[in-house]
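Data file: final_7.cif. Format and content: mmCIF, C-alpha atoms.
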```cif
data_entry
loop_
_atom_site.label_atom_id
_atom_site.label_comp_id
_atom_site.auth_asym_id
_atom_site.auth_seq_id
_atom_site.Cartn_x
_atom_site.Cartn_y
_atom_site.Cartn_z
CA MET A 1 58.14 163.52 137.22
CA LYS A 2 59.12 160.13 138.64
CA ILE A 3 62.68 158.78 138.44
CA PRO A 4 64.39 155.54 139.50
CA PRO A 5 65.32 155.79 143.19
CA HIS A 6 68.63 157.61 143.74
CA THR A 7 70.34 158.65 146.97
CA ALA A 8 71.40 162.22 147.59
CA ARG A 9 75.02 161.05 147.42
CA GLU A 10 74.46 159.56 143.95
CA LEU A 11 72.88 162.79 142.71
CA ALA A 12 75.72 164.84 144.19
CA ASP A 13 78.21 162.65 142.32
CA LEU A 14 76.20 163.07 139.13
CA LEU A 15 76.26 166.87 139.45
CA GLY A 16 79.80 167.03 140.86
CA CYS A 17 78.67 169.12 143.85
CA SER A 18 78.94 169.09 147.63
CA LEU A 19 76.21 167.77 149.90
CA ILE A 20 74.73 169.05 153.17
CA GLY A 21 72.59 166.79 155.33
CA ASP A 22 71.71 163.11 155.05
CA PRO A 23 73.52 161.51 152.08
CA GLU A 24 71.22 158.46 152.12
CA VAL A 25 67.99 160.39 151.54
CA ARG A 26 66.36 158.84 148.48
CA ALA A 27 64.87 160.72 145.57
CA THR A 28 62.01 159.14 143.63
CA GLY A 29 60.93 162.19 141.62
CA ILE A 30 61.84 165.67 140.40
CA ASN A 31 59.36 168.51 140.74
CA GLU A 32 59.18 172.27 140.55
CA ILE A 33 58.47 173.91 143.93
CA HIS A 34 54.72 174.37 143.30
CA ARG A 35 54.18 170.62 142.79
CA VAL A 36 56.64 168.95 145.19
CA GLU A 37 55.86 165.73 147.06
CA PRO A 38 57.87 163.65 149.58
CA GLY A 39 60.77 162.02 147.75
CA ASP A 40 61.11 164.83 145.22
CA VAL A 41 64.13 166.86 144.19
CA THR A 42 63.41 170.57 143.80
CA PHE A 43 65.46 173.77 143.56
CA THR A 44 65.57 177.33 144.83
CA ASP A 45 67.80 180.19 143.74
CA VAL A 46 65.52 183.09 144.74
CA PRO A 47 65.72 184.32 148.35
CA LYS A 48 61.94 184.63 148.74
CA TYR A 49 61.52 180.90 147.99
CA LEU A 50 64.33 179.71 150.27
CA ARG A 51 62.17 179.09 153.34
CA LYS A 52 59.36 177.67 151.20
CA ALA A 53 61.75 175.13 149.68
CA LEU A 54 63.31 174.16 153.01
CA GLU A 55 59.86 173.69 154.57
CA SER A 56 58.36 171.95 151.54
CA PRO A 57 57.75 168.18 151.31
CA ALA A 58 60.79 167.87 149.00
CA SER A 59 63.48 165.47 150.22
CA ILE A 60 66.44 166.92 148.28
CA ILE A 61 66.90 170.60 147.41
CA LEU A 62 69.31 172.18 144.95
CA ILE A 63 70.55 175.37 146.58
CA ASN A 64 73.27 177.99 146.09
CA GLN A 65 73.95 179.09 149.66
CA GLN A 66 75.32 177.39 152.74
CA VAL A 67 72.48 176.71 155.18
CA GLU A 68 71.68 173.97 157.64
CA ALA A 69 69.72 171.08 156.20
CA PRO A 70 66.35 170.37 157.86
CA ALA A 71 66.05 166.97 159.52
CA GLY A 72 65.54 164.17 157.04
CA LYS A 73 66.53 166.27 154.03
CA ALA A 74 69.63 166.74 151.91
CA LEU A 75 70.85 169.92 150.23
CA LEU A 76 72.95 169.85 147.06
CA LEU A 77 75.14 172.95 146.92
CA VAL A 78 75.54 174.15 143.31
CA PRO A 79 76.42 177.57 141.79
CA PHE A 80 73.30 177.66 139.58
CA PRO A 81 70.41 175.54 140.94
CA PHE A 82 68.21 176.27 137.92
CA ARG A 83 70.80 174.85 135.54
CA ALA A 84 71.50 171.87 137.79
CA PHE A 85 67.75 171.16 137.90
CA ASN A 86 67.66 171.20 134.09
CA GLN A 87 70.68 168.87 134.05
CA LEU A 88 68.85 166.34 136.21
CA LEU A 89 65.69 166.62 134.10
CA GLU A 90 67.62 165.97 130.91
CA HIS A 91 69.57 163.10 132.49
CA PHE A 92 66.43 161.21 133.50
CA GLN A 93 64.31 162.10 130.46
CA ALA A 94 66.24 163.10 127.37
CA SER A 95 64.51 165.63 125.11
CA ILE A 96 62.79 164.27 122.02
CA PRO A 97 63.78 166.13 118.83
CA PRO A 98 60.96 167.59 116.72
CA THR A 99 61.99 165.31 113.84
CA PHE A 100 61.23 162.17 115.85
CA LYS A 101 61.01 158.75 114.24
CA ALA A 102 57.51 157.82 113.09
CA THR A 103 56.00 154.48 114.02
CA SER A 104 55.22 151.83 111.45
CA GLN A 105 52.40 150.47 113.62
CA ARG A 106 48.92 150.22 112.11
CA PHE A 107 45.94 151.16 114.26
CA GLU A 108 42.90 148.98 113.74
CA GLY A 109 39.61 150.83 113.44
CA VAL A 110 41.26 154.28 113.19
CA GLU A 111 40.68 156.64 110.25
CA ILE A 112 43.92 158.47 109.42
CA GLY A 113 44.21 161.28 106.85
CA HIS A 114 47.08 162.23 104.55
CA ASN A 115 50.54 163.34 105.78
CA VAL A 116 49.94 162.21 109.36
CA ILE A 117 53.02 161.54 111.52
CA ILE A 118 52.68 159.35 114.62
CA GLY A 119 55.62 158.82 116.97
CA GLU A 120 56.90 155.55 118.37
CA GLY A 121 55.22 154.20 121.47
CA THR A 122 51.93 155.99 120.78
CA TYR A 123 48.67 154.04 120.96
CA ILE A 124 45.37 155.09 119.38
CA GLU A 125 42.13 153.32 120.34
CA PRO A 126 39.58 152.18 117.73
CA GLY A 127 36.95 154.63 116.54
CA CYS A 128 39.31 157.62 116.35
CA LYS A 129 39.55 159.99 113.38
CA ILE A 130 42.88 161.73 112.71
CA GLY A 131 42.72 164.57 110.14
CA HIS A 132 45.21 165.54 107.46
CA ASN A 133 48.64 166.92 108.45
CA VAL A 134 48.30 165.98 112.11
CA VAL A 135 51.53 165.33 114.04
CA ILE A 136 51.33 163.12 117.14
CA GLY A 137 54.45 162.76 119.26
CA PRO A 138 55.87 159.58 120.76
CA HIS A 139 54.52 157.84 123.86
CA CYS A 140 51.03 159.35 123.57
CA TYR A 141 47.67 157.72 124.28
CA ILE A 142 44.44 158.65 122.49
CA GLY A 143 41.18 157.16 123.75
CA HIS A 144 38.43 155.67 121.59
CA HIS A 145 36.16 157.78 119.39
CA THR A 146 38.35 160.87 119.69
CA HIS A 147 38.37 163.21 116.69
CA ILE A 148 41.49 165.29 115.94
CA TYR A 149 40.97 167.81 113.13
CA PRO A 150 43.63 168.73 110.52
CA ASN A 151 46.87 170.61 111.20
CA THR A 152 46.97 169.86 114.91
CA THR A 153 50.16 168.99 116.82
CA ILE A 154 50.16 166.69 119.84
CA GLY A 155 53.36 166.73 121.89
CA PRO A 156 55.17 163.76 123.47
CA TYR A 157 53.62 161.85 126.38
CA THR A 158 50.20 163.48 125.95
CA HIS A 159 47.26 161.47 127.31
CA ILE A 160 43.88 162.13 125.66
CA GLY A 161 40.69 160.50 126.90
CA HIS A 162 37.67 159.07 125.11
CA HIS A 163 35.20 161.02 122.90
CA VAL A 164 37.45 164.10 122.81
CA VAL A 165 37.19 166.67 119.99
CA ILE A 166 40.27 168.74 119.12
CA GLN A 167 39.62 171.30 116.38
CA SER A 168 42.07 172.38 113.68
CA GLY A 169 45.35 174.13 114.37
CA CYS A 170 45.72 173.26 118.06
CA VAL A 171 49.04 172.67 119.78
CA ILE A 172 48.64 170.28 122.72
CA GLY A 173 51.80 169.69 124.74
CA GLY A 174 53.99 172.62 123.71
CA GLU A 175 56.96 173.70 125.82
CA ALA A 176 56.25 175.68 129.00
CA PHE A 177 56.89 179.43 129.06
CA TYR A 178 59.19 179.28 132.11
CA TYR A 179 62.50 181.17 132.08
CA LYS A 180 65.31 182.12 134.42
CA ARG A 181 66.74 185.56 133.64
CA TYR A 182 70.51 186.04 133.66
CA PRO A 183 72.50 189.20 132.85
CA ASP A 184 73.35 187.75 129.44
CA GLY A 185 69.86 186.47 128.59
CA ALA A 186 67.18 183.99 129.65
CA GLU A 187 67.33 180.21 130.01
CA ARG A 188 64.26 177.99 129.63
CA LEU A 189 63.29 175.41 132.25
CA LEU A 190 62.94 172.13 130.36
CA SER A 191 59.44 170.68 130.07
CA LYS A 192 59.29 167.02 131.08
CA GLY A 193 55.65 166.76 132.18
CA ARG A 194 52.51 165.87 130.23
CA VAL A 195 49.15 167.18 129.14
CA VAL A 196 46.34 164.95 130.40
CA ILE A 197 42.89 165.48 128.87
CA GLY A 198 39.83 163.75 130.31
CA ASP A 199 36.82 162.26 128.54
CA TYR A 200 34.26 164.23 126.46
CA VAL A 201 36.46 167.33 126.36
CA GLU A 202 36.16 169.72 123.39
CA ILE A 203 39.02 172.05 122.41
CA GLY A 204 38.48 174.87 119.90
CA ALA A 205 40.58 175.80 116.89
CA GLY A 206 43.94 177.45 117.46
CA THR A 207 44.04 176.68 121.19
CA THR A 208 47.40 175.94 122.84
CA ILE A 209 47.93 173.89 126.00
CA ASP A 210 51.48 173.72 127.39
CA ARG A 211 52.74 170.50 128.94
CA GLY A 212 53.76 170.46 132.57
CA VAL A 213 57.30 171.29 133.59
CA THR A 214 57.66 168.29 135.88
CA SER A 215 54.03 167.25 136.49
CA ASP A 216 50.83 167.38 134.43
CA THR A 217 48.71 170.06 132.85
CA TYR A 218 45.23 168.62 133.37
CA ILE A 219 41.86 169.21 131.67
CA GLY A 220 38.92 167.50 133.42
CA ASP A 221 36.06 165.48 131.94
CA HIS A 222 33.34 167.32 129.97
CA THR A 223 35.21 170.65 129.96
CA LYS A 224 34.61 172.77 126.85
CA ILE A 225 37.29 175.16 125.53
CA ASP A 226 36.67 177.72 122.78
CA ASN A 227 39.01 178.92 120.01
CA LEU A 228 42.31 180.75 120.63
CA VAL A 229 42.69 179.91 124.31
CA GLN A 230 46.13 179.65 125.99
CA ILE A 231 46.57 177.34 128.99
CA GLY A 232 49.94 177.40 130.76
CA HIS A 233 52.08 174.65 132.24
CA ASP A 234 51.00 172.58 135.26
CA THR A 235 47.56 174.20 135.36
CA PHE A 236 44.66 172.08 136.63
CA ILE A 237 41.20 172.61 135.13
CA GLY A 238 38.38 170.63 136.68
CA ARG A 239 35.28 168.93 135.29
CA HIS A 240 32.44 170.68 133.42
CA CYS A 241 34.31 173.99 132.99
CA GLN A 242 33.65 176.34 130.07
CA ILE A 243 36.37 178.64 128.74
CA ALA A 244 35.50 181.15 126.00
CA ALA A 245 37.68 182.53 123.21
CA GLN A 246 40.92 184.45 123.82
CA VAL A 247 41.18 183.53 127.49
CA GLY A 248 44.75 183.34 128.78
CA ILE A 249 45.54 181.15 131.80
CA ALA A 250 49.11 181.14 133.10
CA GLY A 251 50.98 178.24 134.71
CA THR A 252 50.21 176.44 137.99
CA CYS A 253 46.63 177.73 138.23
CA VAL A 254 43.69 175.71 139.57
CA LEU A 255 40.16 176.03 138.19
CA GLU A 256 37.81 173.92 140.25
CA ASP A 257 34.78 172.11 138.80
CA GLY A 258 32.17 174.11 136.93
CA VAL A 259 34.15 177.34 136.47
CA ILE A 260 33.12 179.56 133.54
CA LEU A 261 35.54 182.11 132.02
CA TRP A 262 34.07 184.36 129.34
CA GLY A 263 36.04 185.93 126.48
CA GLN A 264 39.43 187.58 127.01
CA VAL A 265 39.66 186.83 130.74
CA GLY A 266 43.26 186.88 131.97
CA VAL A 267 44.51 184.71 134.83
CA PRO A 268 48.14 185.07 136.08
CA SER A 269 50.15 182.21 137.56
CA GLY A 270 49.31 180.50 140.81
CA ILE A 271 45.63 181.58 140.96
CA ARG A 272 42.85 179.32 142.30
CA ILE A 273 39.27 179.91 141.13
CA GLY A 274 36.63 178.20 143.26
CA ALA A 275 34.01 175.77 141.97
CA ARG A 276 31.01 177.10 140.01
CA SER A 277 32.45 180.61 139.71
CA THR A 278 31.82 182.75 136.64
CA VAL A 279 34.23 185.46 135.48
CA LEU A 280 32.70 187.85 132.95
CA ALA A 281 34.40 188.96 129.73
CA LYS A 282 37.58 191.09 129.75
CA SER A 283 38.11 190.64 133.48
CA GLY A 284 41.57 190.34 135.02
CA VAL A 285 41.81 187.84 137.85
CA LEU A 286 44.63 189.12 140.06
CA THR A 287 43.82 187.19 143.25
CA SER A 288 42.28 183.81 144.01
CA LEU A 289 38.47 183.79 143.93
CA GLU A 290 35.89 182.07 146.14
CA GLY A 291 33.56 179.60 144.52
CA GLY A 292 29.90 180.06 143.64
CA LYS A 293 30.08 183.77 142.71
CA VAL A 294 30.09 185.96 139.60
CA TYR A 295 33.07 188.28 139.06
CA PHE A 296 33.80 191.21 136.78
CA GLY A 297 36.40 193.95 136.41
CA PHE A 298 40.03 194.58 135.60
CA ILE A 299 40.74 193.53 139.18
CA ALA A 300 38.01 190.93 139.25
CA LYS A 301 35.58 191.24 142.13
CA GLU A 302 31.98 190.33 142.83
CA VAL A 303 29.92 191.58 139.91
CA LYS A 304 27.42 193.67 141.90
CA LYS A 305 30.23 195.57 143.61
CA ALA A 306 32.03 196.09 140.30
CA TRP A 307 28.88 197.43 138.62
CA ARG A 308 28.21 199.84 141.52
CA GLU A 309 31.72 201.22 141.14
CA ILE A 310 31.26 201.65 137.39
CA ALA A 311 27.91 203.38 137.92
CA SER A 312 29.48 205.77 140.43
CA MET A 313 31.91 206.95 137.75
CA GLY A 314 28.98 208.72 136.09
CA ARG A 315 28.59 210.88 139.19
CA LEU A 316 32.13 212.24 139.00
CA PRO A 317 31.32 215.35 136.88
CA ARG A 318 28.69 216.43 139.41
CA LEU A 319 31.13 215.75 142.26
CA LEU A 320 33.79 217.91 140.62
CA ARG A 321 31.35 220.75 140.03
CA SER A 322 30.28 220.56 143.67
CA LEU A 323 33.89 221.13 144.72
CA ASP A 324 33.99 224.52 143.01
CA THR A 325 34.73 226.73 145.98
CA SER A 326 33.23 229.78 144.30
CA SER A 327 29.74 228.27 144.45
CA ASN A 328 29.78 225.71 147.26
CA ASN A 329 32.69 226.71 149.52
CA GLY A 330 34.27 223.30 148.90
CA HIS A 331 31.35 221.33 150.46
CA LEU A 332 29.38 218.53 148.85
CA PRO A 333 25.67 219.17 148.21
CA GLU A 334 23.44 217.76 150.94
CA ASP A 335 21.68 215.39 148.52
CA PHE A 336 24.92 213.97 147.07
CA SER A 337 25.41 210.22 147.54
CA TYR A 338 28.35 207.94 146.64
CA SER A 339 26.09 204.87 146.31
#
```

For the structure just supplied, provide its representation as structure tokens.
Amino acid sequence: MKIPPHTARELADLLGCSLIGDPEVRATGINEIHRVEPGDVTFTDVPKYLRKALESPASIILINQQVEAPAGKALLLVPFPFRAFNQLLEHFQASIPPTFKATSQRFEGVEIGHNVIIGEGTYIEPGCKIGHNVVIGPHCYIGHHTHIYPNTTIGPYTHIGHHVVIQSGCVIGGEAFYYKRYPDGAERLLSKGRVVIGDYVEIGAGTTIDRGVTSDTYIGDHTKIDNLVQIGHDTFIGRHCQIAAQVGIAGTCVLEDGVILWGQVGVPSGIRIGARSTVLAKSGVLTSLEGGKVYFGFIAKEVKKAWREIASMGRLPRLLRSLDTSSNNGHLPEDFSYS
């Protein structure tokens, strides 16, 4: 998320906090730790991310403990960095209420159904078809010849390419599932990023794609997504991917070009799946995967290895019988093999 340039001193004054390091360091953006760039403000309030934050490209870091600032950086000392980060996000991009003001603009060459709401600042290219009961937030862009089916909701700042098909009941640009737990409950990190959808993408009915927290959730050109898929915040999905029904992909994942995920695959946060990989149905991807291979299993692994392990399960009854000390003295039969 880009912001007008501000010095560390100006941000410290805004938050009413003390400053460690160079007060003239300039911030040009705000980003969560997984997406930081030079010039960004980020935060850390978890010990395991302290070193990562200090060594990251971020120029200004919200922090809750007294440490020495690395050269060329500034630290803003606050009691609750998560809340201070939210305060900055809201200051530079105020939240848009769900009952936003609809535009009176007419869109030439666009077919629009009944009960459609389109927010201010949104532009729709000619050749598009917008079905009944669609809600499109403010400051969106929809490319030419895109077809949005009925009862779909498009959140603020969403960018949709050309020749895209979005089936009924989708939610594109919902709030990220990102919380900080406190003793008295949980507090949500505000979502100020976008969803960016490339050209010739198809999205199945009932699919939900969360907007980025401070950057973009991205769907590459020609990617095809089935029904009832969940894609988390700040996840990057490359070109020509195929994602089958009931797949769940958490935030900040990367799927490189040509990845195929079959039904009910689960992918936790921060995972990278290499180009032209295939993950078979009901697999759980718990670690990053190399490209160009086929994977299967609850802990997804190369499919041939997974199938060998499953086949070996059928040998367990014989193995247990062979361990009967009354008949074999606890030794395996000579012809027994694990493979």

Show me, as a Markdown table, the residues of segment 84-183 of chain A having an atom within 10 Å of segment 223-247 of chain A, each with the closest atom pair and its distance in Å, using all atoms listed in the file.
```
| residue | atom | partner | partner_atom | distance |
| --- | --- | --- | --- | --- |
| A:Val164 | CA | A:Thr223 | CA | 10.0 |
| A:Val165 | CA | A:Lys224 | CA | 9.5 |
| A:Ile166 | CA | A:Ile225 | CA | 9.5 |
| A:Gln167 | CA | A:Asn227 | CA | 8.5 |
| A:Ser168 | CA | A:Asn227 | CA | 9.6 |
| A:Gly169 | CA | A:Leu228 | CA | 9.6 |
| A:Cys170 | CA | A:Leu228 | CA | 8.6 |
| A:Val171 | CA | A:Gln230 | CA | 9.8 |
| A:Ile172 | CA | A:Ile231 | CA | 9.7 |
| A:Gly173 | CA | A:His233 | CA | 9.0 |
| A:Gly174 | CA | A:His233 | CA | 9.0 |
| A:Glu175 | CA | A:His233 | CA | 8.1 |
| A:Ala176 | CA | A:His233 | CA | 5.4 |
| A:Phe177 | CA | A:Gly232 | CA | 7.4 |
| A:Tyr178 | CA | A:His233 | CA | 8.5 |
```

Could you turn the residues from that selection into a file that holds C-alpha atoms, as a compact mmCIF listing (two decimals), in the frame of the given file?
```txt
# COMPACT_ATOMS: atom_id res chain seq x y z
CA VAL A 164 37.45 164.10 122.81
CA VAL A 165 37.19 166.67 119.99
CA ILE A 166 40.27 168.74 119.12
CA GLN A 167 39.62 171.30 116.38
CA SER A 168 42.07 172.38 113.68
CA GLY A 169 45.35 174.13 114.37
CA CYS A 170 45.72 173.26 118.06
CA VAL A 171 49.04 172.67 119.78
CA ILE A 172 48.64 170.28 122.72
CA GLY A 173 51.80 169.69 124.74
CA GLY A 174 53.99 172.62 123.71
CA GLU A 175 56.96 173.70 125.82
CA ALA A 176 56.25 175.68 129.00
CA PHE A 177 56.89 179.43 129.06
CA TYR A 178 59.19 179.28 132.11
```

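If you measure from each of A:Lys73, A:Arg194, A:Lys129, A:His162 to Gly143 of chain A using all atoms listed in the file, the closest one turns out to be A:His162.
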
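Near Phe107 of chain A, within 8 Å and counting all atoms listed in the file, sit Tyr123, Ile124, Glu125 and Pro126 of chain A, not including residues fewer than 5 positions from it in the same chain.
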
>> On this structure, the PyMOL selection byres ((chain A and resi 58) around 8) would catch which residues? List them as a list in words, sorted by chain and number.
In response: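 The output of the PyMOL selection byres ((chain A and resi 58) around 8) on this file is Val36, Glu37, Pro38, Gly39, Asp40, Val41, Thr42, Ala53, Leu54, Ser56, Pro57, Ser59, Ile60, Ile61 and Lys73 of chain A.
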
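The space separating atom CA of Ile117 of chain A from atom CA of Ile3 of chain A comes to 28.7 Å.
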
>> Report, in Å with one decimal, the straight-line distance from atom CA of Val279 of chain A to atom CA of Trp262 of chain A.
In response: 6.2 Å

Starting from the shown file, work through the PyMOL selection byres ((chain A and resi 189) around 10) and note down what comes out as a PDB file with C-alpha atoms, in the frame of the given file.
```pdb
ATOM      1  CA  GLU A  32      59.180 172.270 140.550  1.00  0.00           C
ATOM      2  CA  PHE A  82      68.210 176.270 137.920  1.00  0.00           C
ATOM      3  CA  ARG A  83      70.800 174.850 135.540  1.00  0.00           C
ATOM      4  CA  PHE A  85      67.750 171.160 137.900  1.00  0.00           C
ATOM      5  CA  ASN A  86      67.660 171.200 134.090  1.00  0.00           C
ATOM      6  CA  LEU A  89      65.690 166.620 134.100  1.00  0.00           C
ATOM      7  CA  GLU A 175      56.960 173.700 125.820  1.00  0.00           C
ATOM      8  CA  ALA A 176      56.250 175.680 129.000  1.00  0.00           C
ATOM      9  CA  PHE A 177      56.890 179.430 129.060  1.00  0.00           C
ATOM     10  CA  TYR A 178      59.190 179.280 132.110  1.00  0.00           C
ATOM     11  CA  TYR A 179      62.500 181.170 132.080  1.00  0.00           C
ATOM     12  CA  LYS A 180      65.310 182.120 134.420  1.00  0.00           C
ATOM     13  CA  ALA A 186      67.180 183.990 129.650  1.00  0.00           C
ATOM     14  CA  GLU A 187      67.330 180.210 130.010  1.00  0.00           C
ATOM     15  CA  ARG A 188      64.260 177.990 129.630  1.00  0.00           C
ATOM     16  CA  LEU A 190      62.940 172.130 130.360  1.00  0.00           C
ATOM     17  CA  SER A 191      59.440 170.680 130.070  1.00  0.00           C
ATOM     18  CA  LYS A 192      59.290 167.020 131.080  1.00  0.00           C
ATOM     19  CA  VAL A 213      57.300 171.290 133.590  1.00  0.00           C
ATOM     20  CA  THR A 214      57.660 168.290 135.880  1.00  0.00           C
TER      21      THR A 214
END
```

> Using only C-alpha atoms, which residues sit within 7 Å of Glu256 of chain A once same-chain residues fewer than 2 positions away are excluded, as number ranges by chain?
Replying inline: A: 237-238, 254, 258-259, 273-275

Could you turn the residues from that selection into a file that holds C-alpha atoms, as a short mmCIF file (atom, residue, chain, number, x, y, z; two decimals), in the coordinates of the input?
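Result went into result.cif, see below:
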```cif
data_model
loop_
_atom_site.label_atom_id
_atom_site.label_comp_id
_atom_site.auth_asym_id
_atom_site.auth_seq_id
_atom_site.Cartn_x
_atom_site.Cartn_y
_atom_site.Cartn_z
CA ILE A 237 41.20 172.61 135.13
CA GLY A 238 38.38 170.63 136.68
CA VAL A 254 43.69 175.71 139.57
CA GLY A 258 32.17 174.11 136.93
CA VAL A 259 34.15 177.34 136.47
CA ILE A 273 39.27 179.91 141.13
CA GLY A 274 36.63 178.20 143.26
CA ALA A 275 34.01 175.77 141.97
#
```

Using the structure block above, produce a file of segment 136-151 of chain A that contains N, CA and C atoms, as an mmCIF file, in the first residue's frame.
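Writing the result to selection12.cif gives the following:
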```
data_model
loop_
_atom_site.group_PDB
_atom_site.id
_atom_site.type_symbol
_atom_site.label_atom_id
_atom_site.label_comp_id
_atom_site.auth_asym_id
_atom_site.auth_seq_id
_atom_site.Cartn_x
_atom_site.Cartn_y
_atom_site.Cartn_z
ATOM 1 N N ILE A 136 -20.998 -3.882 -6.874
ATOM 2 C CA ILE A 136 -19.610 -3.573 -7.237
ATOM 3 C C ILE A 136 -19.178 -2.362 -6.428
ATOM 4 N N GLY A 137 -18.122 -2.504 -5.660
ATOM 5 C CA GLY A 137 -17.661 -1.443 -4.787
ATOM 6 C C GLY A 137 -17.056 -0.274 -5.537
ATOM 7 N N PRO A 138 -16.694 0.776 -4.809
ATOM 8 C CA PRO A 138 -16.076 1.950 -5.419
ATOM 9 C C PRO A 138 -14.648 1.689 -5.865
ATOM 10 N N HIS A 139 -14.209 2.493 -6.838
ATOM 11 C CA HIS A 139 -12.819 2.517 -7.293
ATOM 12 C C HIS A 139 -12.381 1.175 -7.881
ATOM 13 N N CYS A 140 -13.307 0.485 -8.535
ATOM 14 C CA CYS A 140 -12.983 -0.770 -9.216
ATOM 15 C C CYS A 140 -12.780 -0.516 -10.709
ATOM 16 N N TYR A 141 -12.135 -1.477 -11.361
ATOM 17 C CA TYR A 141 -12.001 -1.462 -12.824
ATOM 18 C C TYR A 141 -12.392 -2.835 -13.345
ATOM 19 N N ILE A 142 -13.235 -2.859 -14.387
ATOM 20 C CA ILE A 142 -13.651 -4.114 -15.001
ATOM 21 C C ILE A 142 -13.387 -4.013 -16.494
ATOM 22 N N GLY A 143 -12.544 -4.902 -17.009
ATOM 23 C CA GLY A 143 -12.133 -4.863 -18.406
ATOM 24 C C GLY A 143 -13.230 -5.299 -19.364
ATOM 25 N N HIS A 144 -13.009 -5.055 -20.652
ATOM 26 C CA HIS A 144 -14.053 -5.280 -21.651
ATOM 27 C C HIS A 144 -14.404 -6.760 -21.805
ATOM 28 N N HIS A 145 -15.672 -6.981 -22.139
ATOM 29 C CA HIS A 145 -16.227 -8.316 -22.392
ATOM 30 C C HIS A 145 -16.093 -9.250 -21.183
ATOM 31 N N THR A 146 -16.156 -8.691 -20.021
ATOM 32 C CA THR A 146 -16.206 -9.497 -18.788
ATOM 33 C C THR A 146 -17.667 -9.744 -18.429
ATOM 34 N N HIS A 147 -17.955 -10.943 -17.931
ATOM 35 C CA HIS A 147 -19.325 -11.342 -17.611
ATOM 36 C C HIS A 147 -19.386 -11.684 -16.127
ATOM 37 N N ILE A 148 -20.170 -10.911 -15.370
ATOM 38 C CA ILE A 148 -20.358 -11.154 -13.941
ATOM 39 C C ILE A 148 -21.789 -11.628 -13.730
ATOM 40 N N TYR A 149 -21.941 -12.855 -13.245
ATOM 41 C CA TYR A 149 -23.258 -13.465 -13.077
ATOM 42 C C TYR A 149 -23.968 -12.911 -11.831
ATOM 43 N N PRO A 150 -25.278 -13.199 -11.688
ATOM 44 C CA PRO A 150 -26.063 -12.600 -10.599
ATOM 45 C C PRO A 150 -25.546 -12.921 -9.199
ATOM 46 N N ASN A 151 -25.897 -12.011 -8.278
ATOM 47 C CA ASN A 151 -25.674 -12.197 -6.832
ATOM 48 C C ASN A 151 -24.197 -12.268 -6.453
#
```
